Amino acid sequence: MLKYAFFVNCPGQTPETYKGVYENAESYNLVIGTDNMDMAVDYAGKLAADGYTLFNLCGDFDDEITARMQAAAGEGVKIKHADYLPEQLAKVEALEEFSKFGIVIVMRGVEEPTDVIVKCDDLYTHAIYVKDQEQANAAARKLADEGVHDIELCSWFDREKTESVIEAVGGACPVGTCGDL
C-alpha cells in the first residue's frame with residue numbers, strides 16, 4: 001500500500017489540527033498543515049518511520065527545506081515541492097489574497113474523483129483525488145469554478161500534463177506542480 005502525504009504551510013496549525021485523509025484499497029493519503037518548516041521537517045521523519053514513501057510539498061517549501069525534509073525522512077522517501085512555470089509564478093506573486101487553495105492528486109486505486117476538504121479560519125484547502133488526466137482537468141476546472149486562488153498538482157504531473165491542466169482552467173488561477181517541469 002502506498003502511503004502519501006501532501007504538506008501545506010499553514011501558520012498556527014499542526015498535522016493534528018489541519019488534516020484530511022483519503023484511503024482506498026491501494027493507498028493511504030494525508031493532506032496536512034504545519035505551522036512552520038521545522039515542524040514539517042520533524043513530521044516528515046515521523047511519517048517516514050511510519051512507512052510513508054512519497055511526500056509532496058506546497059510551493060511555500062523551497063529546495064533547502066525539501067533537502068532538510070529528505071535528510072529527516074531518509075533515502076526510501078521521494079519528496080518534491082511545487083514549482084511553477086514562469087507565467088504561472090508571476091500570477092502567484094500577483095495574488096492579493098490566498099485563503100482558498102486547491103490540490104489535484106492522481107492516486108492509485110481511485111476510480112471516481114473524491115474530495116477531501118481541510119479548513120481553518122485562515123485557509124480552506126480542497127484536494128481532489130483522481131485517476132487520470134481527464135479527471136484531473138475536470139477537477140481543476142471544478143476548483144477554479146469554486147474560486148480557489150491557486151491550484152497545485154501532485155508529482156505525477158510533468159510539464160505536458162501540467163500544461164493540460166493550465167489550459168483546462170483557462171487562466172482562472174495559477175497552477176503549479178510537484179512534478180518535473
# chains A, B, ... in the order shown; residues from 1 in each chain; ligands from 1
call {"tool": "residues_around", "arguments": {"residues": "A:Met1", "least_positions_apart": "6", "cutoff": "8 Å", "atoms": "only C-alpha atoms", "output": "PyMOL selection string"}}
result
chain A and resi 25-28
call {"tool": "write_last_selection", "arguments": {"atoms": "C-alpha atoms", "output": "short mmCIF file (atom, residue, chain, number, x, y, z; two decimals), in the first residue's frame"}}
result
data_model
loop_
_atom_site.label_atom_id
_atom_site.label_comp_id
_atom_site.auth_asym_id
_atom_site.auth_seq_id
_atom_site.Cartn_x
_atom_site.Cartn_y
_atom_site.Cartn_z
CA ALA A 25 -7.52 -0.38 -1.17
CA GLU A 26 -4.20 0.70 -2.74
CA SER A 27 -3.21 3.90 -0.95
CA TYR A 28 -3.45 5.88 2.28
#
call {"tool": "residues_around", "arguments": {"residues": "A:Asp50", "least_positions_apart": "2", "cutoff": "12 Å", "atoms": "only C-alpha atoms", "output": "PyMOL selection string"}}
result
chain A and resi 2-5+28+43-48+52-54+73+77
call {"tool": "closest_residue", "arguments": {"among": "A:Gly170, A:Val165, A:Arg108, A:Glu75", "to": "A:Gln135", "atoms": "only C-alpha atoms"}}
result
A:Val165
call {"tool": "residues_around", "arguments": {"residues": "stretch 131-133 of chain A", "least_positions_apart": "5", "cutoff": "8 Å", "atoms": "only C-alpha atoms", "output": "PyMOL selection string"}}
result
chain A and resi 106-113+161
call {"tool": "select_by_dssp", "arguments": {"residues": "chain A", "states": "helix (DSSP H, G or I)", "output": "PDB file with N, CA, C and O atoms, in the first residue's frame"}}
result
ATOM      1  N   MET A  37       8.383  25.449   9.006  1.00  0.00           N
ATOM      2  CA  MET A  37       9.213  24.496   8.286  1.00  0.00           C
ATOM      3  C   MET A  37       9.898  23.498   9.219  1.00  0.00           C
ATOM      4  O   MET A  37      10.056  22.329   8.867  1.00  0.00           O
ATOM      5  N   ASP A  38      10.285  23.926  10.406  1.00  0.00           N
ATOM      6  CA  ASP A  38      10.902  22.991  11.352  1.00  0.00           C
ATOM      7  C   ASP A  38       9.907  21.892  11.734  1.00  0.00           C
ATOM      8  O   ASP A  38      10.272  20.719  11.839  1.00  0.00           O
ATOM      9  N   MET A  39       8.653  22.270  11.940  1.00  0.00           N
ATOM     10  CA  MET A  39       7.628  21.285  12.253  1.00  0.00           C
ATOM     11  C   MET A  39       7.463  20.307  11.091  1.00  0.00           C
ATOM     12  O   MET A  39       7.314  19.100  11.296  1.00  0.00           O
ATOM     13  N   ALA A  40       7.508  20.822   9.877  1.00  0.00           N
ATOM     14  CA  ALA A  40       7.374  19.969   8.691  1.00  0.00           C
ATOM     15  C   ALA A  40       8.530  18.973   8.613  1.00  0.00           C
ATOM     16  O   ALA A  40       8.322  17.790   8.310  1.00  0.00           O
ATOM     17  N   VAL A  41       9.742  19.431   8.883  1.00  0.00           N
ATOM     18  CA  VAL A  41      10.912  18.549   8.854  1.00  0.00           C
ATOM     19  C   VAL A  41      10.747  17.439   9.891  1.00  0.00           C
ATOM     20  O   VAL A  41      10.940  16.258   9.596  1.00  0.00           O
ATOM     21  N   ASP A  42      10.379  17.805  11.106  1.00  0.00           N
ATOM     22  CA  ASP A  42      10.188  16.808  12.162  1.00  0.00           C
ATOM     23  C   ASP A  42       9.096  15.805  11.787  1.00  0.00           C
ATOM     24  O   ASP A  42       9.255  14.599  11.983  1.00  0.00           O
ATOM     25  N   TYR A  43       8.007  16.308  11.235  1.00  0.00           N
ATOM     26  CA  TYR A  43       6.888  15.429  10.905  1.00  0.00           C
ATOM     27  C   TYR A  43       7.226  14.503   9.735  1.00  0.00           C
ATOM     28  O   TYR A  43       6.768  13.365   9.681  1.00  0.00           O
ATOM     29  N   ALA A  44       8.054  14.978   8.817  1.00  0.00           N
ATOM     30  CA  ALA A  44       8.485  14.125   7.701  1.00  0.00           C
ATOM     31  C   ALA A  44       9.213  12.897   8.230  1.00  0.00           C
ATOM     32  O   ALA A  44       8.994  11.779   7.750  1.00  0.00           O
ATOM     33  N   GLY A  45      10.064  13.086   9.224  1.00  0.00           N
ATOM     34  CA  GLY A  45      10.770  11.962   9.823  1.00  0.00           C
ATOM     35  C   GLY A  45       9.818  10.979  10.484  1.00  0.00           C
ATOM     36  O   GLY A  45       9.979   9.755  10.364  1.00  0.00           O
ATOM     37  N   LYS A  46       8.807  11.498  11.159  1.00  0.00           N
ATOM     38  CA  LYS A  46       7.821  10.629  11.817  1.00  0.00           C
ATOM     39  C   LYS A  46       7.013   9.834  10.792  1.00  0.00           C
ATOM     40  O   LYS A  46       6.779   8.637  10.969  1.00  0.00           O
ATOM     41  N   LEU A  47       6.579  10.501   9.728  1.00  0.00           N
ATOM     42  CA  LEU A  47       5.806   9.792   8.708  1.00  0.00           C
ATOM     43  C   LEU A  47       6.651   8.735   8.004  1.00  0.00           C
ATOM     44  O   LEU A  47       6.176   7.633   7.719  1.00  0.00           O
ATOM     45  N   ALA A  48       7.902   9.057   7.719  1.00  0.00           N
ATOM     46  CA  ALA A  48       8.787   8.082   7.076  1.00  0.00           C
ATOM     47  C   ALA A  48       8.956   6.850   7.961  1.00  0.00           C
ATOM     48  O   ALA A  48       8.938   5.720   7.472  1.00  0.00           O
ATOM     49  N   ALA A  49       9.096   7.065   9.256  1.00  0.00           N
ATOM     50  CA  ALA A  49       9.227   5.943  10.190  1.00  0.00           C
ATOM     51  C   ALA A  49       7.959   5.093  10.218  1.00  0.00           C
ATOM     52  O   ALA A  49       8.007   3.907  10.545  1.00  0.00           O
ATOM     53  N   ASP A  63      13.918  24.547  -2.037  1.00  0.00           N
ATOM     54  CA  ASP A  63      14.896  23.462  -2.172  1.00  0.00           C
ATOM     55  C   ASP A  63      15.595  23.150  -0.848  1.00  0.00           C
ATOM     56  O   ASP A  63      15.853  21.983  -0.533  1.00  0.00           O
ATOM     57  N   GLU A  64      15.909  24.181  -0.075  1.00  0.00           N
ATOM     58  CA  GLU A  64      16.614  23.975   1.197  1.00  0.00           C
ATOM     59  C   GLU A  64      15.753  23.178   2.183  1.00  0.00           C
ATOM     60  O   GLU A  64      16.222  22.215   2.796  1.00  0.00           O
ATOM     61  N   ILE A  65      14.505  23.562   2.329  1.00  0.00           N
ATOM     62  CA  ILE A  65      13.607  22.858   3.255  1.00  0.00           C
ATOM     63  C   ILE A  65      13.342  21.441   2.742  1.00  0.00           C
ATOM     64  O   ILE A  65      13.307  20.477   3.520  1.00  0.00           O
ATOM     65  N   THR A  66      13.181  21.300   1.434  1.00  0.00           N
ATOM     66  CA  THR A  66      12.968  19.972   0.857  1.00  0.00           C
ATOM     67  C   THR A  66      14.156  19.069   1.166  1.00  0.00           C
ATOM     68  O   THR A  66      13.984  17.900   1.531  1.00  0.00           O
ATOM     69  N   ALA A  67      15.371  19.596   1.055  1.00  0.00           N
ATOM     70  CA  ALA A  67      16.574  18.819   1.363  1.00  0.00           C
ATOM     71  C   ALA A  67      16.612  18.441   2.846  1.00  0.00           C
ATOM     72  O   ALA A  67      16.989  17.308   3.193  1.00  0.00           O
ATOM     73  N   ARG A  68      16.224  19.354   3.711  1.00  0.00           N
ATOM     74  CA  ARG A  68      16.174  19.044   5.148  1.00  0.00           C
ATOM     75  C   ARG A  68      15.147  17.956   5.429  1.00  0.00           C
ATOM     76  O   ARG A  68      15.388  17.056   6.234  1.00  0.00           O
ATOM     77  N   MET A  69      13.993  18.034   4.758  1.00  0.00           N
ATOM     78  CA  MET A  69      12.965  17.015   4.941  1.00  0.00           C
ATOM     79  C   MET A  69      13.461  15.673   4.413  1.00  0.00           C
ATOM     80  O   MET A  69      13.213  14.630   5.027  1.00  0.00           O
ATOM     81  N   GLN A  70      14.173  15.697   3.286  1.00  0.00           N
ATOM     82  CA  GLN A  70      14.719  14.466   2.716  1.00  0.00           C
ATOM     83  C   GLN A  70      15.698  13.819   3.685  1.00  0.00           C
ATOM     84  O   GLN A  70      15.685  12.599   3.885  1.00  0.00           O
ATOM     85  N   ALA A  71      16.544  14.627   4.303  1.00  0.00           N
ATOM     86  CA  ALA A  71      17.505  14.103   5.276  1.00  0.00           C
ATOM     87  C   ALA A  71      16.780  13.489   6.472  1.00  0.00           C
ATOM     88  O   ALA A  71      17.180  12.433   6.972  1.00  0.00           O
ATOM     89  N   ALA A  72      15.716  14.122   6.916  1.00  0.00           N
ATOM     90  CA  ALA A  72      14.950  13.598   8.057  1.00  0.00           C
ATOM     91  C   ALA A  72      14.195  12.328   7.700  1.00  0.00           C
ATOM     92  O   ALA A  72      14.051  11.424   8.521  1.00  0.00           O
ATOM     93  N   ALA A  73      13.717  12.245   6.463  1.00  0.00           N
ATOM     94  CA  ALA A  73      12.906  11.102   6.033  1.00  0.00           C
ATOM     95  C   ALA A  73      13.747   9.903   5.606  1.00  0.00           C
ATOM     96  O   ALA A  73      13.313   8.763   5.741  1.00  0.00           O
ATOM     97  N   PRO A  86       7.189  30.024 -15.459  1.00  0.00           N
ATOM     98  CA  PRO A  86       7.353  31.461 -15.197  1.00  0.00           C
ATOM     99  C   PRO A  86       6.065  32.281 -15.238  1.00  0.00           C
ATOM    100  O   PRO A  86       5.818  33.109 -14.345  1.00  0.00           O
ATOM    101  N   GLU A  87       5.214  32.065 -16.245  1.00  0.00           N
ATOM    102  CA  GLU A  87       3.983  32.872 -16.324  1.00  0.00           C
ATOM    103  C   GLU A  87       3.014  32.531 -15.206  1.00  0.00           C
ATOM    104  O   GLU A  87       2.272  33.397 -14.725  1.00  0.00           O
ATOM    105  N   GLN A  88       3.033  31.286 -14.744  1.00  0.00           N
ATOM    106  CA  GLN A  88       2.170  30.892 -13.626  1.00  0.00           C
ATOM    107  C   GLN A  88       2.710  31.451 -12.307  1.00  0.00           C
ATOM    108  O   GLN A  88       1.949  31.895 -11.453  1.00  0.00           O
ATOM    109  N   LEU A  89       4.029  31.465 -12.154  1.00  0.00           N
ATOM    110  CA  LEU A  89       4.651  32.033 -10.957  1.00  0.00           C
ATOM    111  C   LEU A  89       4.336  33.525 -10.848  1.00  0.00           C
ATOM    112  O   LEU A  89       4.055  34.034  -9.757  1.00  0.00           O
ATOM    113  N   ALA A  90       4.347  34.230 -11.961  1.00  0.00           N
ATOM    114  CA  ALA A  90       4.002  35.652 -11.947  1.00  0.00           C
ATOM    115  C   ALA A  90       2.571  35.855 -11.433  1.00  0.00           C
ATOM    116  O   ALA A  90       2.304  36.801 -10.688  1.00  0.00           O
ATOM    117  N   LYS A  91       1.669  34.950 -11.805  1.00  0.00           N
ATOM    118  CA  LYS A  91       0.288  35.031 -11.309  1.00  0.00           C
ATOM    119  C   LYS A  91       0.219  34.788  -9.804  1.00  0.00           C
ATOM    120  O   LYS A  91      -0.541  35.446  -9.098  1.00  0.00           O
ATOM    121  N   VAL A  92       1.025  33.833  -9.314  1.00  0.00           N
ATOM    122  CA  VAL A  92       1.058  33.566  -7.870  1.00  0.00           C
ATOM    123  C   VAL A  92       1.563  34.799  -7.136  1.00  0.00           C
ATOM    124  O   VAL A  92       0.978  35.222  -6.132  1.00  0.00           O
ATOM    125  N   GLU A  93       2.641  35.369  -7.628  1.00  0.00           N
ATOM    126  CA  GLU A  93       3.232  36.532  -6.969  1.00  0.00           C
ATOM    127  C   GLU A  93       2.308  37.742  -6.987  1.00  0.00           C
ATOM    128  O   GLU A  93       2.410  38.621  -6.142  1.00  0.00           O
ATOM    129  N   GLN A 133      -5.589  11.960 -16.328  1.00  0.00           N
ATOM    130  CA  GLN A 133      -5.549  13.343 -16.813  1.00  0.00           C
ATOM    131  C   GLN A 133      -6.941  13.914 -17.038  1.00  0.00           C
ATOM    132  O   GLN A 133      -7.209  15.064 -16.693  1.00  0.00           O
ATOM    133  N   GLU A 134      -7.830  13.133 -17.629  1.00  0.00           N
ATOM    134  CA  GLU A 134      -9.183  13.620 -17.899  1.00  0.00           C
ATOM    135  C   GLU A 134      -9.887  14.037 -16.606  1.00  0.00           C
ATOM    136  O   GLU A 134     -10.461  15.127 -16.526  1.00  0.00           O
ATOM    137  N   GLN A 135      -9.808  13.194 -15.594  1.00  0.00           N
ATOM    138  CA  GLN A 135     -10.422  13.545 -14.314  1.00  0.00           C
ATOM    139  C   GLN A 135      -9.689  14.718 -13.663  1.00  0.00           C
ATOM    140  O   GLN A 135     -10.311  15.563 -13.020  1.00  0.00           O
ATOM    141  N   ALA A 136      -8.376  14.783 -13.843  1.00  0.00           N
ATOM    142  CA  ALA A 136      -7.594  15.879 -13.269  1.00  0.00           C
ATOM    143  C   ALA A 136      -8.010  17.220 -13.866  1.00  0.00           C
ATOM    144  O   ALA A 136      -8.186  18.211 -13.145  1.00  0.00           O
ATOM    145  N   ASN A 137      -8.168  17.269 -15.182  1.00  0.00           N
ATOM    146  CA  ASN A 137      -8.588  18.512 -15.825  1.00  0.00           C
ATOM    147  C   ASN A 137      -9.970  18.940 -15.329  1.00  0.00           C
ATOM    148  O   ASN A 137     -10.202  20.118 -15.051  1.00  0.00           O
ATOM    149  N   ALA A 138     -10.881  17.976 -15.211  1.00  0.00           N
ATOM    150  CA  ALA A 138     -12.230  18.286 -14.715  1.00  0.00           C
ATOM    151  C   ALA A 138     -12.175  18.755 -13.259  1.00  0.00           C
ATOM    152  O   ALA A 138     -12.878  19.694 -12.874  1.00  0.00           O
ATOM    153  N   ALA A 139     -11.331  18.126 -12.453  1.00  0.00           N
ATOM    154  CA  ALA A 139     -11.191  18.523 -11.050  1.00  0.00           C
ATOM    155  C   ALA A 139     -10.635  19.941 -10.947  1.00  0.00           C
ATOM    156  O   ALA A 139     -11.098  20.746 -10.133  1.00  0.00           O
ATOM    157  N   ALA A 140      -9.644  20.264 -11.760  1.00  0.00           N
ATOM    158  CA  ALA A 140      -9.070  21.609 -11.739  1.00  0.00           C
ATOM    159  C   ALA A 140     -10.105  22.649 -12.148  1.00  0.00           C
ATOM    160  O   ALA A 140     -10.182  23.730 -11.549  1.00  0.00           O
ATOM    161  N   ARG A 141     -10.916  22.335 -13.161  1.00  0.00           N
ATOM    162  CA  ARG A 141     -11.992  23.264 -13.551  1.00  0.00           C
ATOM    163  C   ARG A 141     -12.964  23.465 -12.401  1.00  0.00           C
ATOM    164  O   ARG A 141     -13.413  24.585 -12.135  1.00  0.00           O
ATOM    165  N   LYS A 142     -13.294  22.384 -11.701  1.00  0.00           N
ATOM    166  CA  LYS A 142     -14.197  22.469 -10.546  1.00  0.00           C
ATOM    167  C   LYS A 142     -13.593  23.394  -9.480  1.00  0.00           C
ATOM    168  O   LYS A 142     -14.294  24.249  -8.924  1.00  0.00           O
ATOM    169  N   LEU A 143     -12.307  23.221  -9.190  1.00  0.00           N
ATOM    170  CA  LEU A 143     -11.643  24.066  -8.199  1.00  0.00           C
ATOM    171  C   LEU A 143     -11.625  25.531  -8.635  1.00  0.00           C
ATOM    172  O   LEU A 143     -11.888  26.428  -7.832  1.00  0.00           O
ATOM    173  N   ALA A 144     -11.320  25.761  -9.897  1.00  0.00           N
ATOM    174  CA  ALA A 144     -11.297  27.135 -10.417  1.00  0.00           C
ATOM    175  C   ALA A 144     -12.693  27.752 -10.339  1.00  0.00           C
ATOM    176  O   ALA A 144     -12.838  28.918  -9.935  1.00  0.00           O
ATOM    177  N   ASP A 145     -13.717  26.979 -10.706  1.00  0.00           N
ATOM    178  CA  ASP A 145     -15.095  27.486 -10.622  1.00  0.00           C
ATOM    179  C   ASP A 145     -15.492  27.788  -9.183  1.00  0.00           C
ATOM    180  O   ASP A 145     -16.303  28.677  -8.930  1.00  0.00           O
ATOM    181  N   GLU A 146     -14.911  27.046  -8.251  1.00  0.00           N
ATOM    182  CA  GLU A 146     -15.167  27.253  -6.825  1.00  0.00           C
ATOM    183  C   GLU A 146     -14.493  28.529  -6.323  1.00  0.00           C
ATOM    184  O   GLU A 146     -14.813  29.026  -5.248  1.00  0.00           O
ATOM    185  N   ARG A 159       5.566  18.402 -17.124  1.00  0.00           N
ATOM    186  CA  ARG A 159       5.276  19.659 -17.806  1.00  0.00           C
ATOM    187  C   ARG A 159       4.063  19.542 -18.730  1.00  0.00           C
ATOM    188  O   ARG A 159       3.161  20.388 -18.703  1.00  0.00           O
ATOM    189  N   GLU A 160       4.013  18.511 -19.563  1.00  0.00           N
ATOM    190  CA  GLU A 160       2.912  18.354 -20.513  1.00  0.00           C
ATOM    191  C   GLU A 160       1.572  18.185 -19.798  1.00  0.00           C
ATOM    192  O   GLU A 160       0.576  18.803 -20.176  1.00  0.00           O
ATOM    193  N   LYS A 161       1.538  17.383 -18.761  1.00  0.00           N
ATOM    194  CA  LYS A 161       0.297  17.163 -18.004  1.00  0.00           C
ATOM    195  C   LYS A 161      -0.119  18.434 -17.272  1.00  0.00           C
ATOM    196  O   LYS A 161      -1.306  18.751 -17.178  1.00  0.00           O
ATOM    197  N   THR A 162       0.867  19.167 -16.766  1.00  0.00           N
ATOM    198  CA  THR A 162       0.577  20.432 -16.085  1.00  0.00           C
ATOM    199  C   THR A 162       0.015  21.454 -17.071  1.00  0.00           C
ATOM    200  O   THR A 162      -0.950  22.156 -16.768  1.00  0.00           O
ATOM    201  N   GLU A 163       0.609  21.530 -18.255  1.00  0.00           N
ATOM    202  CA  GLU A 163       0.101  22.455 -19.271  1.00  0.00           C
ATOM    203  C   GLU A 163      -1.336  22.123 -19.659  1.00  0.00           C
ATOM    204  O   GLU A 163      -2.137  23.024 -19.927  1.00  0.00           O
ATOM    205  N   SER A 164      -1.684  20.844 -19.660  1.00  0.00           N
ATOM    206  CA  SER A 164      -3.063  20.447 -19.939  1.00  0.00           C
ATOM    207  C   SER A 164      -4.014  20.981 -18.874  1.00  0.00           C
ATOM    208  O   SER A 164      -5.105  21.467 -19.178  1.00  0.00           O
ATOM    209  N   VAL A 165      -3.593  20.928 -17.611  1.00  0.00           N
ATOM    210  CA  VAL A 165      -4.418  21.465 -16.521  1.00  0.00           C
ATOM    211  C   VAL A 165      -4.509  22.981 -16.621  1.00  0.00           C
ATOM    212  O   VAL A 165      -5.587  23.566 -16.438  1.00  0.00           O
ATOM    213  N   ILE A 166      -3.396  23.640 -16.926  1.00  0.00           N
ATOM    214  CA  ILE A 166      -3.398  25.098 -17.082  1.00  0.00           C
ATOM    215  C   ILE A 166      -4.410  25.498 -18.156  1.00  0.00           C
ATOM    216  O   ILE A 166      -5.196  26.423 -17.970  1.00  0.00           O
ATOM    217  N   GLU A 167      -4.396  24.770 -19.266  1.00  0.00           N
ATOM    218  CA  GLU A 167      -5.357  25.038 -20.341  1.00  0.00           C
ATOM    219  C   GLU A 167      -6.789  24.779 -19.868  1.00  0.00           C
ATOM    220  O   GLU A 167      -7.705  25.541 -20.188  1.00  0.00           O
ATOM    221  N   ALA A 168      -6.989  23.734 -19.085  1.00  0.00           N
ATOM    222  CA  ALA A 168      -8.330  23.375 -18.617  1.00  0.00           C
ATOM    223  C   ALA A 168      -8.955  24.463 -17.744  1.00  0.00           C
ATOM    224  O   ALA A 168     -10.161  24.668 -17.789  1.00  0.00           O
ATOM    225  N   VAL A 169      -8.127  25.168 -16.944  1.00  0.00           N
ATOM    226  CA  VAL A 169      -8.688  26.217 -16.083  1.00  0.00           C
ATOM    227  C   VAL A 169      -8.775  27.562 -16.796  1.00  0.00           C
ATOM    228  O   VAL A 169      -9.344  28.509 -16.256  1.00  0.00           O
TER     229      VAL A 169
END
